[in-house]
Amino acid sequence: MRIWLLSLPLAALSVSTDAIAQEQPEPARLEAAKAFWQARLPKCEEFVSKEFSEKKEADGEVFFEPCNDGDTILFSGLSCSVGDTGGCEAVKNSQSSDGRWWRSPRKLRLAIPDGGSETTFSNDHAAGVWAYIAENKDKDAFKSWTKWIDDNKKTFDFIPRYCQDSRCTFKLLDCPMLDRLAVVLGTSNQLCDTVPGIGGVSGPNPSDVVRETRTALNNIENALRTLPGIGDVLSLVPVQLANAALNDLENAAKKVEERASHIRVLARVATDTTGIVGRLNAVVNDPGFSRHNIAVDAYLLQKYTAIPSPLTLDAAKKVAAVEPENAFLHFVANGPSSEMLELIYKKCRTKEDTTPHPRFQWIWERTDKDQSNPAA
C-alpha cells in the first residue's frame with residue numbers, strides 16, 4: 001500500500017500530460033517516475049512546500065520563490081501516513097510547546113498572529129495532524145493539542161477553535177474525527193465532552209468541585225490568621241491533613257473523569273457521526289478542495305480505524321464518481337490499482353518543463369477540468 005500511495009504526494013506539484021515511455025515494465029516505470037518527482041520537490045527550508053506564484057528573474061533565469069507553506073501540515077501529514085519521515089517531522093515540528101499547531105515549522109518560528117488573509121491554522125489542515133498522530137500513536141501531542149483548544153474555547157462561548165480567529169471554529173466533523181482519533185490512541189477526548197450539540201455533559205467536573213473546596217478552605221484559613229492570637233489555635237487544626245486529603249481526592253477525580261470521558265467517546269463513535277456527515281458533505285460540497293477534504297477524511301478513517309464505516313466508503317465513492325480523473329479520489333474509493341497509476345502518469349510530467357511555471361497547488365484537490373495552471 002505504501003508504494004502506491006507514496007506516488008501521490010511526490011507527484012503533487014507537477015502537472016503535465018507527458019508520461020514515461022509505456023514500454024518500460026512495472027515497477028521500473030514507477031520507480032523512475034518517483035525518482036524524477038522526488039528530485040524536483042519544491043522545499044521551504046527543510047520541508048516540502050509549494051512555490052509562490054510570483055515570477056522572478058535574476059541573471060537571465062526565470063524562477064519562483066519558495067516557501068508558500070500555508071498548506072504544509074495537510075500534505076505533510078498525508079505523506080507521513082505512508083511512511084515519509086520528512087512529512088512526519090514537518091508536522092511534529094509545527095506544534096509549539098503549549099500544544100498549539102501552526103501551518104508549518106517556519107510559521108511557528110515567525111509566530112505571526114491571526115488576522116489578515118491567512119489564519120495561523122485551518123480546519124482543513126487538522127487532517128494532517130490527525131494523520132501524523134495516528135501514524136505515530138503520539139498520544140502526548142494529541143493531549144497537549146486538545147488541552148490548548150479546550151483552554152481557549154472558554155473565550156469563545158465554549159465553541160472550540162483550532163486558532164484564535166473565528167475562521168478556525170470547529171465544524172460538524174471536527175469533534176467526531178477527534179473522537180475517532182482518541183479511540184485509535186485508546187484515550188479520552190475531554191475537549192468534546194462539553195461542546196454543545198454533540199451529546200456533551202454539563203455541570204462541574206468532580207475535580208472542579210475539589211479545587212473549589214480547596215479554595216474555600218484556604219480562604220477560611222487566611223481569614224482566621226488575621227484574628228489576634230489565633231496562631232496557637234490554628235496549630236491545632238489539621239489544615240495540612242485537609243490539603244493532603246484534597247490532593248488525593250483531586251487525583252482520584254481526574255482518573256474518574258478520564259474513564260468517564262473514554263466511555264463517552266466510545267458512545268459517540270458508535271453513532272457513526274463521521275460517516276453521516278461525510279455522506280452529507282459528498283452531496284453538498286463544492287468541487288475542488290472541498291471534495292478533496294471528504295476523501296482525506298475517508299482515507300484516514302479507513303486506514304486507522306478497525307471497522308470502516310459503510311457511509312464513509314460511500315462518501316468516497318460519490319466524490320470519485322464525479323471526478324473520475326482524480327487519482328487520489330480513485331485510490332480512496334477503490335484502493336490501489338493499475339487504473340489509479342495510469343491516472344497519475346496522465347497528470348504528472350516525467351520530463352523537464354520547457355516553460356517553467358509555479359507549482360503552487362496539490363493537483364488532487366483540483367477539479368478534473370481545472371486549467372488554472374496548464375502544462376507547458
# chains A, B, ... in the order shown; residues from 1 in each chain; ligands from 1

call {"tool": "select_by_dssp", "arguments": {"residues": "segment 26-77 of chain A", "states": "strand (DSSP E or B)", "output": "list in words"}}
result
Lys43, Cys44, Phe47, Val48, Lys50, Lys55, Lys56, Glu57, Ala58, Glu61, Val62, Phe63, Phe64 and Asn68 of chain A

call {"tool": "atom_distance", "arguments": {"atom1": "atom CA of Lys317 of chain A", "atom2": "atom CA of Leu329 of chain A"}}
result
7.9 Å

call {"tool": "atom_distance", "arguments": {"atom1": "atom CA of His357 of chain A", "atom2": "atom CA of Lys55 of chain A"}}
result
8.1 Å

call {"tool": "atom_distance", "arguments": {"atom1": "atom CA of Arg180 of chain A", "atom2": "atom CA of Ala295 of chain A"}}
result
16.2 Å

call {"tool": "residues_around", "arguments": {"residues": "Arg103 of chain A", "least_positions_apart": "2", "cutoff": "10 Å", "atoms": "only C-alpha atoms", "output": "PyMOL selection string"}}
result
chain A and resi 69-74+90-91+94-95+101+105-108+118-122+125-126

call {"tool": "residues_around", "arguments": {"residues": "Pro160 of chain A", "least_positions_apart": "4", "cutoff": "10 Å", "atoms": "only C-alpha atoms", "output": "ChimeraX atom specification"}}
result
/A:146,148-156,164,166,168-171,174-175,191-192,194-195

call {"tool": "closest_residue", "arguments": {"among": "A:Tyr304, A:Ser53, A:Gly86, A:Asp140", "to": "Met177 of chain A", "atoms": "only C-alpha atoms"}}
result
A:Tyr304

call {"tool": "closest_atom_pairs", "arguments": {"of": "segment 301-375 of chain A", "to": "segment 28-49 of chain A", "cutoff": "12 Å", "atoms": "only C-alpha atoms", "output": "Markdown table"}}
result
| residue | atom | partner | partner_atom | distance |
| --- | --- | --- | --- | --- |
| A:Ser338 | CA | A:Leu30 | CA | 11.0 |
| A:Leu341 | CA | A:Leu30 | CA | 8.5 |
| A:Glu342 | CA | A:Leu30 | CA | 10.3 |
| A:Ile344 | CA | A:Ala33 | CA | 9.9 |
| A:Tyr345 | CA | A:Ala33 | CA | 8.4 |
| A:Lys346 | CA | A:Ala33 | CA | 11.8 |
| A:Cys348 | CA | A:Trp37 | CA | 8.7 |
| A:Arg349 | CA | A:Trp37 | CA | 8.5 |
| A:Thr350 | CA | A:Ala33 | CA | 6.2 |
| A:Lys351 | CA | A:Phe36 | CA | 8.2 |
| A:Glu352 | CA | A:Phe36 | CA | 9.3 |
| A:Asp353 | CA | A:Arg40 | CA | 11.2 |
| A:Pro358 | CA | A:Pro42 | CA | 9.9 |
| A:Arg359 | CA | A:Pro42 | CA | 7.9 |
| A:Phe360 | CA | A:Ser49 | CA | 8.5 |
| A:Gln361 | CA | A:Ser49 | CA | 9.7 |
| A:Trp362 | CA | A:Ser49 | CA | 10.0 |

call {"tool": "write_last_selection", "arguments": {"atoms": "C-alpha atoms", "output": "PDB file, in the first residue's frame"}}
result
ATOM      1  CA  SER A 338      -3.260  -0.074 -12.348  1.00  0.00           C
ATOM      2  CA  LEU A 341      -1.412   4.556 -11.528  1.00  0.00           C
ATOM      3  CA  GLU A 342      -2.302   5.431 -15.111  1.00  0.00           C
ATOM      4  CA  ILE A 344      -1.038   9.603 -12.072  1.00  0.00           C
ATOM      5  CA  TYR A 345       1.070   9.167 -15.204  1.00  0.00           C
ATOM      6  CA  LYS A 346      -1.517  11.073 -17.214  1.00  0.00           C
ATOM      7  CA  CYS A 348       2.130  14.232 -13.720  1.00  0.00           C
ATOM      8  CA  ARG A 349       5.018  15.094 -16.028  1.00  0.00           C
ATOM      9  CA  THR A 350       8.112  12.974 -16.180  1.00  0.00           C
ATOM     10  CA  LYS A 351      10.078  15.328 -18.434  1.00  0.00           C
ATOM     11  CA  GLU A 352      11.532  18.744 -17.723  1.00  0.00           C
ATOM     12  CA  ASP A 353       9.384  21.830 -18.297  1.00  0.00           C
ATOM     13  CA  PRO A 358       4.893  27.888 -10.391  1.00  0.00           C
ATOM     14  CA  ARG A 359       3.992  24.694  -8.612  1.00  0.00           C
ATOM     15  CA  PHE A 360       1.546  26.084  -6.101  1.00  0.00           C
ATOM     16  CA  GLN A 361      -1.274  23.550  -5.835  1.00  0.00           C
ATOM     17  CA  TRP A 362      -1.674  19.906  -4.902  1.00  0.00           C
TER      18      TRP A 362
END

call {"tool": "residues_around", "arguments": {"residues": "Phe328 of chain A", "least_positions_apart": "2", "cutoff": "9 Å", "atoms": "only C-alpha atoms", "output": "ChimeraX atom specification"}}
result
/A:5,8,292,295-296,320,326,330-333,340,344,364-365

call {"tool": "select_by_dssp", "arguments": {"residues": "segment 296-329 of chain A", "states": "helix (DSSP H, G or I)", "output": "PyMOL selection string"}}
result
chain A and resi 296-304+310-322+327-329
